[in-house]
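The file coords_2.cif comes next; it holds mmCIF, C-alpha atoms and all ligand atoms.
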```cif
data_final
#
loop_
_atom_site.label_atom_id
_atom_site.label_comp_id
_atom_site.auth_asym_id
_atom_site.auth_seq_id
_atom_site.Cartn_x
_atom_site.Cartn_y
_atom_site.Cartn_z
CA MET F 1 -83.72 -14.79 -56.28
CA LEU F 2 -85.35 -12.96 -53.39
CA THR F 3 -84.70 -9.38 -52.32
CA LEU F 4 -85.29 -8.70 -48.64
CA ALA F 5 -85.50 -5.12 -47.35
CA HIS F 6 -84.59 -4.41 -43.72
CA LEU F 7 -85.79 -1.45 -41.65
CA SER F 8 -85.82 -0.96 -37.90
CA ASP F 9 -86.39 1.29 -34.89
CA LEU F 10 -89.02 3.71 -36.17
CA HIS F 11 -89.83 4.99 -32.65
CA MET F 12 -93.20 6.36 -33.82
CA ALA F 13 -94.33 8.34 -30.78
CA VAL F 14 -97.53 9.73 -29.37
CA GLU F 15 -96.70 11.82 -26.30
CA PRO F 16 -97.98 10.28 -23.02
CA ARG F 17 -100.36 12.28 -20.84
CA GLY F 18 -101.74 12.27 -17.29
CA SER F 19 -101.60 8.90 -15.56
CA GLN F 20 -99.67 7.44 -18.52
CA LEU F 21 -96.65 9.33 -17.11
CA LEU F 22 -96.77 7.48 -13.77
CA SER F 23 -94.36 4.76 -14.87
CA LYS F 24 -91.13 4.36 -16.78
CA ARG F 25 -92.93 6.41 -19.43
CA GLY F 26 -92.40 9.54 -17.29
CA LEU F 27 -88.60 9.28 -17.49
CA GLY F 28 -88.85 8.18 -21.10
CA TYR F 29 -90.89 11.28 -21.85
CA ILE F 30 -88.22 13.56 -20.37
CA ASN F 31 -85.64 11.79 -22.54
CA TRP F 32 -87.99 12.13 -25.52
CA LEU F 33 -88.40 15.88 -25.05
CA ARG F 34 -84.68 16.48 -24.41
CA LYS F 35 -83.27 14.27 -27.15
CA ARG F 36 -85.25 11.73 -29.07
CA LYS F 37 -87.99 14.02 -30.32
CA ASN F 38 -85.39 15.87 -32.36
CA ILE F 39 -83.79 12.64 -33.64
CA HIS F 40 -86.76 10.48 -34.67
CA ARG F 41 -88.74 12.53 -37.17
CA PRO F 42 -91.89 11.34 -38.98
CA GLU F 43 -90.92 13.23 -42.13
CA VAL F 44 -87.55 11.43 -42.21
CA LEU F 45 -89.30 8.06 -41.99
CA ASP F 46 -91.78 9.06 -44.70
CA ALA F 47 -88.99 10.13 -47.06
CA LEU F 48 -87.05 6.89 -46.45
CA VAL F 49 -90.10 4.70 -47.11
CA ARG F 50 -90.95 6.66 -50.26
CA GLU F 51 -87.44 6.05 -51.54
CA LEU F 52 -87.56 2.36 -50.55
CA LYS F 53 -90.79 1.90 -52.48
CA ALA F 54 -89.06 3.06 -55.65
CA GLN F 55 -86.79 -0.02 -55.33
CA THR F 56 -87.66 -3.58 -56.23
CA PHE F 57 -87.98 -6.00 -53.31
CA ASP F 58 -90.01 -9.06 -52.39
CA HIS F 59 -90.26 -8.87 -48.63
CA VAL F 60 -89.65 -6.36 -45.81
CA ALA F 61 -88.42 -7.14 -42.28
CA VAL F 62 -89.00 -4.53 -39.57
CA THR F 63 -86.96 -5.56 -36.52
CA GLY F 64 -88.75 -3.87 -33.65
CA ASP F 65 -89.09 -0.58 -31.76
CA LEU F 66 -91.88 0.45 -34.09
CA VAL F 67 -93.26 2.60 -31.25
CA ASN F 68 -91.69 4.55 -28.39
CA PHE F 69 -93.91 4.51 -25.26
CA SER F 70 -96.12 1.43 -25.94
CA LEU F 71 -99.30 3.51 -26.01
CA PRO F 72 -102.49 2.25 -27.77
CA ASP F 73 -102.48 5.14 -30.26
CA GLU F 74 -98.88 4.34 -31.17
CA TYR F 75 -99.63 0.66 -31.89
CA ALA F 76 -102.57 1.69 -34.08
CA ARG F 77 -100.45 4.19 -35.98
CA ALA F 78 -97.70 1.59 -36.47
CA ARG F 79 -100.27 -0.90 -37.79
CA ASP F 80 -101.39 1.65 -40.40
CA TRP F 81 -97.76 2.27 -41.27
CA LEU F 82 -97.11 -1.48 -41.72
CA ALA F 83 -100.05 -1.63 -44.12
CA THR F 84 -98.45 1.10 -46.26
CA LEU F 85 -95.34 -1.12 -46.62
CA GLY F 86 -97.29 -4.14 -47.81
CA GLY F 87 -99.68 -6.89 -46.81
CA PRO F 88 -98.98 -9.26 -43.90
CA ARG F 89 -97.67 -11.91 -46.31
CA ASP F 90 -94.88 -9.64 -47.51
CA VAL F 91 -93.99 -7.77 -44.32
CA THR F 92 -92.62 -9.39 -41.16
CA THR F 93 -92.19 -7.68 -37.82
CA MET F 94 -91.41 -8.48 -34.18
CA PRO F 95 -91.32 -6.51 -30.90
CA GLY F 96 -88.34 -4.61 -29.53
CA ASN F 97 -87.94 -3.20 -26.02
CA HIS F 98 -89.92 -0.03 -26.81
CA ASP F 99 -92.83 -2.15 -28.04
CA VAL F 100 -93.10 -3.72 -24.55
CA TYR F 101 -92.00 -0.64 -22.64
CA VAL F 102 -93.96 -1.13 -19.39
CA HIS F 103 -95.66 -4.03 -17.59
CA GLY F 104 -99.14 -4.85 -18.78
CA VAL F 105 -98.66 -4.11 -22.48
CA GLU F 106 -97.19 -7.51 -23.37
CA PRO F 107 -100.24 -8.64 -25.43
CA MET F 108 -100.47 -5.37 -27.38
CA PRO F 109 -98.02 -5.97 -30.27
CA ALA F 110 -99.85 -9.21 -31.17
CA GLN F 111 -103.21 -7.49 -30.77
CA PHE F 112 -102.33 -4.78 -33.29
CA TRP F 113 -99.70 -6.40 -35.52
CA GLY F 114 -100.60 -10.09 -35.19
CA ASP F 115 -100.99 -10.68 -38.92
CA TYR F 116 -97.41 -9.46 -39.48
CA MET F 117 -96.07 -11.67 -36.65
CA ARG F 118 -97.46 -15.07 -37.57
CA GLY F 119 -95.70 -18.04 -39.11
CA ASP F 120 -96.86 -20.15 -42.04
CA ASP F 121 -98.46 -22.48 -39.45
CA GLY F 122 -100.87 -19.67 -38.51
CA LEU F 123 -99.97 -19.89 -34.81
CA ASP F 124 -99.30 -16.85 -32.60
CA ARG F 125 -95.95 -17.72 -31.07
CA PHE F 126 -92.28 -16.84 -31.25
CA PRO F 127 -90.12 -17.74 -32.92
CA PHE F 128 -92.18 -18.12 -36.07
CA LEU F 129 -91.11 -19.37 -39.49
CA ARG F 130 -92.11 -17.93 -42.84
CA ARG F 131 -90.85 -19.76 -45.89
CA ARG F 132 -90.59 -17.59 -49.00
CA GLY F 133 -89.10 -19.64 -51.82
CA ASP F 134 -85.62 -20.77 -50.77
CA VAL F 135 -85.54 -18.29 -47.89
CA ALA F 136 -86.61 -19.18 -44.34
CA LEU F 137 -87.42 -16.09 -42.26
CA ILE F 138 -87.25 -16.90 -38.55
CA ALA F 139 -88.43 -14.13 -36.22
CA LEU F 140 -87.70 -13.93 -32.49
CA SER F 141 -89.15 -11.64 -29.83
CA THR F 142 -86.86 -9.98 -27.26
CA GLY F 143 -89.35 -7.35 -26.08
CA MET F 144 -89.91 -7.37 -22.30
CA ALA F 145 -90.81 -4.72 -19.76
CA THR F 146 -87.78 -3.50 -17.78
CA GLY F 147 -87.06 -0.87 -15.12
CA PRO F 148 -86.04 2.75 -15.70
CA PHE F 149 -82.79 3.28 -17.64
CA MET F 150 -82.90 -0.34 -18.86
CA ALA F 151 -83.35 -1.46 -22.45
CA THR F 152 -82.44 -5.10 -22.13
CA GLY F 153 -84.09 -7.95 -24.02
CA ARG F 154 -84.56 -11.65 -23.31
CA LEU F 155 -85.43 -14.68 -25.43
CA GLY F 156 -85.92 -17.32 -22.74
CA ASP F 157 -85.39 -21.08 -22.94
CA ARG F 158 -88.62 -21.82 -24.81
CA GLN F 159 -87.78 -19.54 -27.75
CA LEU F 160 -84.17 -20.71 -27.81
CA SER F 161 -85.09 -24.39 -27.99
CA ARG F 162 -87.73 -23.79 -30.66
CA LEU F 163 -85.23 -21.70 -32.65
CA SER F 164 -82.84 -24.64 -32.51
CA GLU F 165 -85.59 -26.96 -33.83
CA ILE F 166 -86.57 -24.60 -36.67
CA LEU F 167 -82.95 -24.14 -37.78
CA ALA F 168 -82.45 -27.91 -37.71
CA GLN F 169 -85.60 -28.43 -39.81
CA THR F 170 -84.62 -25.92 -42.54
CA PRO F 171 -81.04 -26.91 -43.50
CA ASP F 172 -81.72 -26.49 -47.24
CA ALA F 173 -83.07 -22.96 -46.92
CA PHE F 174 -81.21 -19.65 -46.75
CA ARG F 175 -82.03 -19.10 -43.07
CA VAL F 176 -82.44 -15.49 -41.96
CA VAL F 177 -82.83 -14.90 -38.21
CA LEU F 178 -84.70 -11.67 -37.40
CA ILE F 179 -84.35 -10.13 -33.93
CA HIS F 180 -84.42 -6.67 -32.35
CA HIS F 181 -81.43 -6.95 -29.97
CA PRO F 182 -78.02 -7.85 -31.44
CA PRO F 183 -76.51 -11.15 -30.26
CA LYS F 184 -73.15 -9.34 -30.15
CA SER F 185 -72.99 -5.55 -30.22
CA PRO F 186 -69.91 -3.49 -31.07
CA LEU F 187 -71.32 -0.86 -28.65
CA ARG F 188 -71.18 -3.18 -25.58
CA ARG F 189 -73.85 -1.36 -23.58
CA TYR F 190 -74.63 -3.46 -20.51
CA LEU F 191 -78.02 -1.92 -19.68
CA ARG F 192 -79.15 -2.35 -23.28
CA ARG F 193 -77.92 -5.90 -23.86
CA LEU F 194 -79.69 -9.12 -24.81
CA VAL F 195 -79.34 -10.94 -21.50
CA ASP F 196 -79.25 -14.43 -23.02
CA ALA F 197 -77.09 -13.48 -26.01
CA SER F 198 -74.52 -16.18 -25.27
CA ALA F 199 -77.22 -18.88 -25.33
CA LEU F 200 -78.42 -17.54 -28.71
CA ARG F 201 -74.86 -17.59 -30.06
CA GLN F 202 -74.55 -21.19 -28.85
CA VAL F 203 -77.69 -22.22 -30.80
CA LEU F 204 -76.19 -20.58 -33.91
CA ILE F 205 -72.87 -22.41 -33.41
CA GLU F 206 -74.73 -25.72 -33.19
CA GLN F 207 -77.40 -25.27 -35.90
CA GLY F 208 -76.05 -22.55 -38.19
CA ALA F 209 -77.90 -19.81 -40.08
CA GLU F 210 -77.00 -17.91 -43.23
CA LEU F 211 -77.76 -14.37 -42.00
CA LEU F 212 -79.00 -12.51 -38.91
CA LEU F 213 -80.62 -9.06 -39.04
CA HIS F 214 -81.15 -6.80 -36.03
CA GLY F 215 -81.86 -3.24 -34.93
CA HIS F 216 -81.58 -1.62 -31.46
CA ASP F 217 -78.11 -0.03 -31.83
CA HIS F 218 -79.30 2.59 -34.36
CA ARG F 219 -76.06 2.04 -36.26
CA SER F 220 -74.98 0.16 -39.34
CA SER F 221 -72.78 -2.77 -38.35
CA VAL F 222 -71.66 -6.18 -39.56
CA VAL F 223 -70.38 -8.66 -36.96
CA LEU F 224 -69.38 -12.21 -37.87
CA LEU F 225 -70.85 -14.79 -35.51
CA ASP F 226 -69.56 -18.34 -35.22
CA GLY F 227 -71.51 -21.05 -37.01
CA PRO F 228 -70.90 -24.82 -37.17
CA ASN F 229 -67.49 -26.15 -38.28
CA GLY F 230 -65.80 -22.76 -38.47
CA ALA F 231 -68.51 -21.19 -40.64
CA LYS F 232 -69.27 -17.51 -40.07
CA ILE F 233 -72.75 -15.96 -39.89
CA PRO F 234 -73.01 -12.25 -40.74
CA ALA F 235 -75.09 -10.33 -38.16
CA VAL F 236 -76.12 -7.03 -39.70
CA GLY F 237 -77.49 -4.02 -37.83
CA VAL F 238 -79.38 -1.18 -39.53
CA PRO F 239 -79.73 2.43 -38.31
CA SER F 240 -83.10 3.77 -37.16
CA ALA F 241 -85.41 4.38 -40.13
CA SER F 242 -86.52 7.74 -38.71
CA ALA F 243 -83.27 9.31 -37.49
CA VAL F 244 -81.83 12.59 -38.61
CA ALA F 245 -78.03 12.49 -38.59
CA ALA F 246 -77.90 13.32 -34.87
CA HIS F 247 -75.23 10.73 -34.06
CA GLY F 248 -73.19 11.82 -37.05
CA GLU F 249 -73.72 10.43 -40.53
CA GLU F 250 -73.46 6.83 -39.35
CA GLY F 251 -76.72 7.06 -37.38
CA ALA F 252 -78.81 8.73 -40.09
CA ALA F 253 -81.90 6.95 -41.37
CA ALA F 254 -81.13 4.00 -43.62
CA TYR F 255 -82.41 0.73 -44.94
CA HIS F 256 -80.62 -2.32 -46.25
CA LEU F 257 -81.46 -4.56 -49.20
CA PHE F 258 -80.29 -8.18 -49.32
CA LYS F 259 -80.26 -9.90 -52.69
CA ILE F 260 -80.27 -13.61 -52.01
CA ASP F 261 -79.77 -16.33 -54.59
CA GLY F 262 -77.93 -19.58 -55.23
CA ALA F 263 -78.51 -23.00 -53.72
CA PRO F 264 -77.65 -24.85 -50.51
CA LYS F 265 -73.90 -24.59 -49.76
CA GLN F 266 -73.57 -22.16 -52.69
CA TRP F 267 -75.66 -19.25 -51.43
CA ARG F 268 -74.91 -15.73 -52.51
CA CYS F 269 -76.10 -12.67 -50.63
CA GLN F 270 -75.31 -9.12 -51.64
CA MET F 271 -76.05 -6.27 -49.22
CA ILE F 272 -76.86 -2.75 -50.42
CA ALA F 273 -77.09 0.06 -47.83
CA ARG F 274 -79.03 3.21 -48.69
CA GLN F 275 -78.87 6.12 -46.26
CA ARG F 276 -80.00 9.68 -45.76
CA GLY F 277 -77.24 12.23 -46.34
CA ALA F 278 -76.78 15.62 -44.68
CA ASP F 279 -78.79 17.23 -47.50
CA GLY F 280 -81.72 14.87 -46.89
CA THR F 281 -81.31 12.82 -50.06
CA ILE F 282 -81.06 9.04 -49.83
CA ARG F 283 -78.21 7.36 -51.63
CA GLU F 284 -76.25 4.14 -51.75
CA VAL F 285 -73.47 4.19 -49.13
CA ASP F 286 -72.30 0.57 -49.21
CA ARG F 287 -72.56 -2.52 -51.41
CA LYS F 288 -70.88 -5.78 -50.53
CA ILE F 289 -71.05 -9.54 -50.85
CA LEU F 290 -71.85 -10.99 -47.43
CA VAL F 291 -72.19 -14.66 -48.33
FE FE B 301 -84.34 -1.02 -28.94
#
```

Could you rewrite the structure in this file as structure tokens?
Ligand SMILES: [Fe+2]
Amino acid sequence: MLTLAHLSDLHMAVEPRGSQLLSKRGLGYINWLRKRKNIHRPEVLDALVRELKAQTFDHVAVTGDLVNFSLPDEYARARDWLATLGGPRDVTTMPGNHDVYVHGVEPMPAQFWGDYMRGDDGLDRFPFLRRRGDVALIALSTGMATGPFMATGRLGDRQLSRLSEILAQTPDAFRVVLIHHPPKSPLRRYLRRLVDASALRQVLIEQGAELLLHGHDHRSSVVLLDGPNGAKIPAVGVPSASAVAAHGEEGAAAYHLFKIDGAPKQWRCQMIARQRGADGTIREVDRKILV
């Protein structure tokens, strides 16, 4: 049995200054001061991680938007934070749109978090595969610089075809696809979408997967995607790990645990959701069998 913890969308921010504001960061900073600064709170993240560490788990997936403005000090702070969760062997991460917020920062996530974004083959490329017992963790990158008011993501043909190959090569594993942007979002926000979501869904229809985990929507959600021969693949979104309950209870900081066991064609996966309540305590809010 393997227990996988899932966190996302920390939005750890260092406020931009001077020439750093002469880009999309300027508008982002206004939004940060007006709204996000009061939503994404370091003390909320700290409390959630403290509570998570009291649980038993084998591996943690952090599905992007670790930082907010893609500033060097933010990447460094996020690297230190990753190290508090565990070593690179036991923690997997990948960029979201806020991790590649402006042009020119594309190499930065790998520069700071490379050890947490590398497959068992040791190569720096997405998607990458990490095999942990019967579980195959397959991480994709959707982070790309976009214009103001945009938060879209893209995989591109190269990642999609390699994803197809990896899924085809791991049919006996419990395959978990990790990605920042949801392949299908209940929120349907055009300017925040994964632009090649339909191509990703097509790969999943052809090759299958047992589970997909994502962030980006800052909400808890379970959407069933089509797999091969009528099979369904649960795609599970987790709220931001640092959010006070600014969107109502549903958006408050949370993490999910996935208890995976069984064997090929007889997998079992139980999901446990633990979330911050209005009084600041973290408690179980949902428990269900997904697979
Ligand atoms: Fe995002």

Interface rows for chain F against ligand FE 301 (chain B): nearest pair, Å to one decimal, 12 Å, only C-alpha atoms and all ligand atoms, as a Markdown table:
```
| residue | atom | partner | partner_atom | distance |
| --- | --- | --- | --- | --- |
| F:Ser8 | CA | B:FE301 | FE | 9.1 |
| F:Asp9 | CA | B:FE301 | FE | 6.7 |
| F:Leu10 | CA | B:FE301 | FE | 9.8 |
| F:His11 | CA | B:FE301 | FE | 8.9 |
| F:Thr63 | CA | B:FE301 | FE | 9.2 |
| F:Gly64 | CA | B:FE301 | FE | 7.1 |
| F:Asp65 | CA | B:FE301 | FE | 5.5 |
| F:Leu66 | CA | B:FE301 | FE | 9.2 |
| F:Val67 | CA | B:FE301 | FE | 9.9 |
| F:Asn68 | CA | B:FE301 | FE | 9.2 |
| F:Phe69 | CA | B:FE301 | FE | 11.6 |
| F:Met94 | CA | B:FE301 | FE | 11.5 |
| F:Pro95 | CA | B:FE301 | FE | 9.1 |
| F:Gly96 | CA | B:FE301 | FE | 5.4 |
| F:Asn97 | CA | B:FE301 | FE | 5.1 |
| F:His98 | CA | B:FE301 | FE | 6.1 |
| F:Asp99 | CA | B:FE301 | FE | 8.6 |
| F:Val100 | CA | B:FE301 | FE | 10.2 |
| F:Tyr101 | CA | B:FE301 | FE | 9.9 |
| F:Ser141 | CA | B:FE301 | FE | 11.7 |
| F:Thr142 | CA | B:FE301 | FE | 9.5 |
| F:Gly143 | CA | B:FE301 | FE | 8.6 |
| F:Met144 | CA | B:FE301 | FE | 10.7 |
| F:Ala145 | CA | B:FE301 | FE | 11.8 |
| F:Thr146 | CA | B:FE301 | FE | 11.9 |
| F:Met150 | CA | B:FE301 | FE | 10.2 |
| F:Ala151 | CA | B:FE301 | FE | 6.6 |
| F:Thr152 | CA | B:FE301 | FE | 8.2 |
| F:Gly153 | CA | B:FE301 | FE | 8.5 |
| F:Ile179 | CA | B:FE301 | FE | 10.4 |
| F:His180 | CA | B:FE301 | FE | 6.6 |
| F:His181 | CA | B:FE301 | FE | 6.7 |
| F:Pro182 | CA | B:FE301 | FE | 9.6 |
| F:Arg189 | CA | B:FE301 | FE | 11.8 |
| F:Leu191 | CA | B:FE301 | FE | 11.2 |
| F:Arg192 | CA | B:FE301 | FE | 7.8 |
| F:Arg193 | CA | B:FE301 | FE | 9.5 |
| F:Leu194 | CA | B:FE301 | FE | 10.2 |
| F:His214 | CA | B:FE301 | FE | 9.7 |
| F:Gly215 | CA | B:FE301 | FE | 6.9 |
| F:His216 | CA | B:FE301 | FE | 3.8 |
| F:Asp217 | CA | B:FE301 | FE | 6.9 |
| F:His218 | CA | B:FE301 | FE | 8.2 |
| F:Arg219 | CA | B:FE301 | FE | 11.5 |
| F:Gly237 | CA | B:FE301 | FE | 11.6 |
| F:Val238 | CA | B:FE301 | FE | 11.7 |
| F:Pro239 | CA | B:FE301 | FE | 11.0 |
| F:Ser240 | CA | B:FE301 | FE | 9.6 |
```

Could you state the separation of CA of Ala252 in chain F and CA of Gly147 in chain F in Å, given to one decimal place? 28.0 Å

What's the separation between CA of Ala78 in chain F and CA of Pro16 in chain F, in Å to one decimal place?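 Answer for the CA of Ala78 in chain F to CA of Pro16 in chain F separation: 16.0 Å.
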
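Taking CA of Val177 in chain F and CA of Ile205 in chain F as endpoints, the distance between them is 13.4 Å.
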
Nearby residues (all atoms listed in the file) at most 10 Å from Arg41 in chain F, same-chain spacing under 2 positions excluded, as a PDB file with C-alpha atoms, keeping the file's coordinate frame:
```
ATOM      1  CA  LEU F  10     -89.020   3.710 -36.170  1.00  0.00           C
ATOM      2  CA  HIS F  11     -89.830   4.990 -32.650  1.00  0.00           C
ATOM      3  CA  MET F  12     -93.200   6.360 -33.820  1.00  0.00           C
ATOM      4  CA  ALA F  13     -94.330   8.340 -30.780  1.00  0.00           C
ATOM      5  CA  ARG F  36     -85.250  11.730 -29.070  1.00  0.00           C
ATOM      6  CA  LYS F  37     -87.990  14.020 -30.320  1.00  0.00           C
ATOM      7  CA  ASN F  38     -85.390  15.870 -32.360  1.00  0.00           C
ATOM      8  CA  ILE F  39     -83.790  12.640 -33.640  1.00  0.00           C
ATOM      9  CA  GLU F  43     -90.920  13.230 -42.130  1.00  0.00           C
ATOM     10  CA  VAL F  44     -87.550  11.430 -42.210  1.00  0.00           C
ATOM     11  CA  LEU F  45     -89.300   8.060 -41.990  1.00  0.00           C
ATOM     12  CA  ASP F  46     -91.780   9.060 -44.700  1.00  0.00           C
ATOM     13  CA  ALA F 241     -85.410   4.380 -40.130  1.00  0.00           C
ATOM     14  CA  SER F 242     -86.520   7.740 -38.710  1.00  0.00           C
ATOM     15  CA  ALA F 243     -83.270   9.310 -37.490  1.00  0.00           C
ATOM     16  CA  VAL F 244     -81.830  12.590 -38.610  1.00  0.00           C
ATOM     17  CA  ALA F 253     -81.900   6.950 -41.370  1.00  0.00           C
TER      18      ALA F 253
END
```

Which range 153-200 of chain F residues have any atom within 10 Å of an atom of range 265-274 of chain F, and for each, what is the nearest pair of atoms with distance in Å to one decimal, counting all atoms listed in the file, rows sorted by chain and number, as a tab-separated table?
```
residue	atom	partner	partner_atom	distance
F:Pro171	CA	F:Lys265	CA	9.8
F:Asp172	CA	F:Lys265	CA	8.4
F:Ala173	CA	F:Trp267	CA	9.4
F:Phe174	CA	F:Trp267	CA	7.3
```

Of the listed residues F:Val60, F:Leu224, F:Leu48, F:Leu129, that which approaches Gln169 in chain F most closely, counting only C-alpha atoms: F:Leu129

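Candidate residues F:Glu51, F:Glu15, F:Asp115, F:Asp73 were compared for distance to Arg283 in chain F, and the nearest is F:Glu51, using all atoms listed in the file.
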
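Ranking F:Leu155, F:Leu257, F:Ala197, F:Ile282 by their shortest atom-to-atom distance to Pro127 in chain F, with all atoms listed in the file included, puts F:Leu155 first.
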
Distance query Gly227 in chain F at most 12 Å, only C-alpha atoms, self and fewer than 6 positions along chain excluded, as a list in words: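 Residues near the query, excluding close chain neighbours: Leu167, Leu200, Arg201, Gln202, Val203, Leu204, Ile205, Glu206, Gln207, Gly208, Ala209, Glu210, Leu211, Leu212, Ile233, Pro234 and Ala235 of chain F.
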
Resulting file, chosen residues, C-alpha atoms, as a CSV table (one decimal), in the frame of the given file:
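Printed below is part.csv as written:
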```
chain,number,residue,atom,x,y,z
F,167,LEU,CA,-83.0,-24.1,-37.8
F,200,LEU,CA,-78.4,-17.5,-28.7
F,201,ARG,CA,-74.9,-17.6,-30.1
F,202,GLN,CA,-74.6,-21.2,-28.8
F,203,VAL,CA,-77.7,-22.2,-30.8
F,204,LEU,CA,-76.2,-20.6,-33.9
F,205,ILE,CA,-72.9,-22.4,-33.4
F,206,GLU,CA,-74.7,-25.7,-33.2
F,207,GLN,CA,-77.4,-25.3,-35.9
F,208,GLY,CA,-76.0,-22.6,-38.2
F,209,ALA,CA,-77.9,-19.8,-40.1
F,210,GLU,CA,-77.0,-17.9,-43.2
F,211,LEU,CA,-77.8,-14.4,-42.0
F,212,LEU,CA,-79.0,-12.5,-38.9
F,233,ILE,CA,-72.8,-16.0,-39.9
F,234,PRO,CA,-73.0,-12.2,-40.7
F,235,ALA,CA,-75.1,-10.3,-38.2
```

Test item: residues at most 12 Å from range 53-59 of chain F, only C-alpha atoms, excluding those fewer than 5 positions along its chain, as a PyMOL selection string: chain F and resi 1-7+46-48+84-93+116+130-133+135-137+255-260+272+274+282-284

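Using only C-alpha atoms, the nearest neighbour of Met108 in chain F within the list F:Arg188, F:Arg125, F:Asp120, F:Leu71 is F:Leu71.
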
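Each of F:Val176, F:Asp261, F:Phe149, F:Phe126 was checked against Ser161 in chain F using only C-alpha atoms; the smallest atom-to-atom distance is that of F:Phe126.
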